Amino acid sequence: MREAAVRGAALVAVALLAGCATPGTGSDWSELGSNPREFFNLNAPVTLAGAEVDGQRVTLKRGQALVVKLDAEVGAGPRWEMQRYDGPHVIAPVRHDLTAKPGTNPAAVGGIGDATFRVRGVAPGTQPVVIEYKRAFESTAARTIRFDVVVP
């Protein structure tokens, strides 16, 4: 009797698994479309260095990253800071860091480094980005970089 119950449960499991593999039930991978690189987010990031991004429109695919590198002082000087955006979000910040340039002393005050901003396109639309170079206590920025990110 117990063997019959186990055999019956095994047949039900096999039937359920067979039903999962039936074409047209959502498991046929048709949502991959013609470009699996986009589905799996394998598009190379867009990298822009310096002020070349100022005033530009940068187009990203959904899931694609944008990397913006700006010259910055390492130490107690002004810092690059991305301003908050209160509208619908087209991009999401991934990471921001400050690193010394190769061949420079990272402990030296006033040394030159790279402020690197990484964002990713997350939804269709256009979002303005404003990055300001200033000290935390200052109300006016020494430099401002403005650009738009478009995700079709």
# chains A, B, ... in the order shown; residues from 1 in each chain; ligands from 1
$ residues_around --residues "Val94 in chain A" --least-positions-apart "2" --cutoff "9 Å" --atoms "only C-alpha atoms" --output "PyMOL selection string"
chain A and resi 65+92+96+117-120
$ write_last_selection --atoms "N, CA and C atoms" --output "CSV table (one decimal), in the first residue's frame"
chain,number,residue,atom,x,y,z
A,65,ALA,N,24.9,50.7,-17.4
A,65,ALA,CA,25.5,51.6,-16.4
A,65,ALA,C,26.1,52.8,-17.1
A,92,ALA,N,19.2,55.0,-11.3
A,92,ALA,CA,19.5,54.7,-9.9
A,92,ALA,C,21.0,54.8,-9.6
A,96,HIS,N,29.5,55.7,-5.6
A,96,HIS,CA,30.3,56.9,-5.8
A,96,HIS,C,31.6,56.7,-4.9
A,117,PHE,N,31.3,58.5,-10.4
A,117,PHE,CA,29.8,58.3,-10.1
A,117,PHE,C,29.4,57.2,-11.1
A,118,ARG,N,28.6,56.3,-10.5
A,118,ARG,CA,28.1,55.2,-11.3
A,118,ARG,C,26.6,55.1,-11.1
A,119,VAL,N,25.8,55.2,-12.2
A,119,VAL,CA,24.4,55.1,-12.1
A,119,VAL,C,23.9,54.0,-13.2
A,120,ARG,N,22.7,53.5,-13.0
A,120,ARG,CA,22.2,52.5,-13.9
A,120,ARG,C,20.8,53.0,-14.4
$ select_by_dssp --residues "range 28-150 of chain A" --states "strand (DSSP E)" --output "PyMOL selection string"
chain A and resi 46-49+57-59+65-74+79-82+91-100+111-121+125-134+143-150
$ atom_distance --atom1 "CA of Asp114 in chain A" --atom2 "CA of Arg84 in chain A"
21.0 Å
$ atom_distance --atom1 "CA of Val130 in chain A" --atom2 "CA of Arg57 in chain A"
12.6 Å
$ residues_around --residues "Glu73 in chain A" --least-positions-apart "3" --cutoff "10 Å" --atoms "only C-alpha atoms" --output "short mmCIF file (atom, residue, chain, number, x, y, z; two decimals) with N, CA, C and O atoms, in the first residue's frame"
data_model
loop_
_atom_site.label_atom_id
_atom_site.label_comp_id
_atom_site.auth_asym_id
_atom_site.auth_seq_id
_atom_site.Cartn_x
_atom_site.Cartn_y
_atom_site.Cartn_z
N ALA A 76 40.72 67.64 2.27
CA ALA A 76 39.64 68.40 2.91
C ALA A 76 39.02 69.45 1.99
O ALA A 76 38.22 70.25 2.45
N GLY A 77 39.37 69.46 0.74
CA GLY A 77 38.85 70.48 -0.18
C GLY A 77 37.43 70.21 -0.59
O GLY A 77 36.71 69.41 -0.01
N PRO A 78 37.00 70.88 -1.66
CA PRO A 78 35.63 70.67 -2.16
C PRO A 78 35.44 69.24 -2.68
O PRO A 78 36.41 68.56 -3.02
N ARG A 79 34.21 68.82 -2.72
CA ARG A 79 33.86 67.47 -3.19
C ARG A 79 32.78 67.56 -4.26
O ARG A 79 31.95 68.46 -4.25
N TRP A 80 32.79 66.59 -5.18
CA TRP A 80 31.71 66.46 -6.15
C TRP A 80 30.55 65.76 -5.45
O TRP A 80 30.75 64.76 -4.76
N LEU A 98 35.95 58.15 -4.38
CA LEU A 98 37.03 59.08 -4.66
C LEU A 98 38.32 58.30 -4.55
O LEU A 98 38.60 57.70 -3.52
N THR A 99 39.10 58.27 -5.64
CA THR A 99 40.36 57.54 -5.64
C THR A 99 41.48 58.44 -6.13
O THR A 99 41.26 59.32 -6.97
N ALA A 100 42.68 58.22 -5.59
CA ALA A 100 43.85 58.98 -6.02
C ALA A 100 44.24 58.53 -7.42
O ALA A 100 44.05 57.38 -7.80
N ALA A 108 48.31 62.67 0.53
CA ALA A 108 48.72 64.07 0.36
C ALA A 108 47.50 64.97 0.25
O ALA A 108 46.60 64.74 -0.55
N VAL A 109 47.48 66.03 1.06
CA VAL A 109 46.39 67.00 1.00
C VAL A 109 46.55 67.81 -0.28
O VAL A 109 47.64 68.26 -0.62
N GLY A 110 45.47 68.01 -0.99
CA GLY A 110 45.52 68.77 -2.23
C GLY A 110 45.93 67.95 -3.43
O GLY A 110 46.06 68.48 -4.53
N GLY A 111 46.13 66.63 -3.25
CA GLY A 111 46.45 65.77 -4.37
C GLY A 111 45.26 65.64 -5.30
O GLY A 111 44.12 65.92 -4.94
N ILE A 112 45.52 65.22 -6.52
CA ILE A 112 44.45 65.09 -7.51
C ILE A 112 44.00 63.63 -7.58
O ILE A 112 44.80 62.71 -7.60
N GLY A 113 42.69 63.47 -7.62
CA GLY A 113 42.11 62.14 -7.72
C GLY A 113 40.94 62.15 -8.69
O GLY A 113 40.70 63.13 -9.41
N ASP A 114 40.22 61.04 -8.71
CA ASP A 114 39.03 60.90 -9.55
C ASP A 114 37.81 60.70 -8.66
O ASP A 114 37.80 59.80 -7.80
N ALA A 115 36.80 61.53 -8.85
CA ALA A 115 35.49 61.29 -8.25
C ALA A 115 34.71 60.52 -9.31
O ALA A 115 34.54 60.99 -10.43
#
$ closest_residue --among "A:Asp97, A:Gly87, A:Gly125, A:Ala44" --to "Lys69 in chain A" --atoms "only C-alpha atoms"
A:Asp97
$ closest_residue --among "A:Val149, A:Val68, A:Ile91, A:Met82" --to "Gly50 in chain A" --atoms "only C-alpha atoms"
A:Val68
$ select_by_dssp --residues "range 32-132 of chain A" --states "helix (DSSP H, G or I)" --output "PyMOL selection string"
chain A and resi 32+36-39+50-53
$ write_last_selection --atoms "N, CA and C atoms" --output "PDB file, in the first residue's frame"
ATOM      1  N   LEU A  32      13.254  36.721 -23.943  1.00  0.00           N
ATOM      2  CA  LEU A  32      14.628  37.107 -24.225  1.00  0.00           C
ATOM      3  C   LEU A  32      14.710  37.992 -25.453  1.00  0.00           C
ATOM      4  N   PRO A  36      19.877  38.671 -26.208  1.00  0.00           N
ATOM      5  CA  PRO A  36      20.056  38.230 -24.820  1.00  0.00           C
ATOM      6  C   PRO A  36      20.993  39.134 -24.027  1.00  0.00           C
ATOM      7  N   ARG A  37      21.891  39.893 -24.712  1.00  0.00           N
ATOM      8  CA  ARG A  37      22.792  40.809 -23.991  1.00  0.00           C
ATOM      9  C   ARG A  37      21.983  41.834 -23.203  1.00  0.00           C
ATOM     10  N   GLU A  38      20.874  42.313 -23.784  1.00  0.00           N
ATOM     11  CA  GLU A  38      20.043  43.287 -23.089  1.00  0.00           C
ATOM     12  C   GLU A  38      19.276  42.639 -21.943  1.00  0.00           C
ATOM     13  N   PHE A  39      18.735  41.448 -22.173  1.00  0.00           N
ATOM     14  CA  PHE A  39      17.966  40.766 -21.131  1.00  0.00           C
ATOM     15  C   PHE A  39      18.839  40.486 -19.913  1.00  0.00           C
ATOM     16  N   GLY A  50      35.753  63.667 -17.225  1.00  0.00           N
ATOM     17  CA  GLY A  50      35.867  65.118 -17.208  1.00  0.00           C
ATOM     18  C   GLY A  50      34.565  65.806 -17.543  1.00  0.00           C
ATOM     19  N   ALA A  51      34.682  67.051 -17.916  1.00  0.00           N
ATOM     20  CA  ALA A  51      33.514  67.889 -18.164  1.00  0.00           C
ATOM     21  C   ALA A  51      32.879  67.635 -19.525  1.00  0.00           C
ATOM     22  N   GLU A  52      33.354  66.638 -20.273  1.00  0.00           N
ATOM     23  CA  GLU A  52      32.769  66.362 -21.591  1.00  0.00           C
ATOM     24  C   GLU A  52      31.293  65.995 -21.492  1.00  0.00           C
ATOM     25  N   VAL A  53      30.842  65.568 -20.331  1.00  0.00           N
ATOM     26  CA  VAL A  53      29.447  65.198 -20.152  1.00  0.00           C
ATOM     27  C   VAL A  53      28.554  66.427 -19.962  1.00  0.00           C
TER      28      VAL A  53
END
$ atom_distance --atom1 "CA of Lys101 in chain A" --atom2 "CA of Ala142 in chain A"
21.4 Å
$ residues_around --residues "Tyr85 in chain A" --least-positions-apart "4" --cutoff "8 Å" --atoms "only C-alpha atoms" --output "CSV table (one decimal) with C-alpha atoms, in the first residue's frame"
chain,number,residue,atom,x,y,z
A,89,HIS,CA,13.6,58.2,-11.4
A,128,PRO,CA,18.3,65.6,-15.5
A,129,VAL,CA,21.5,65.0,-13.5
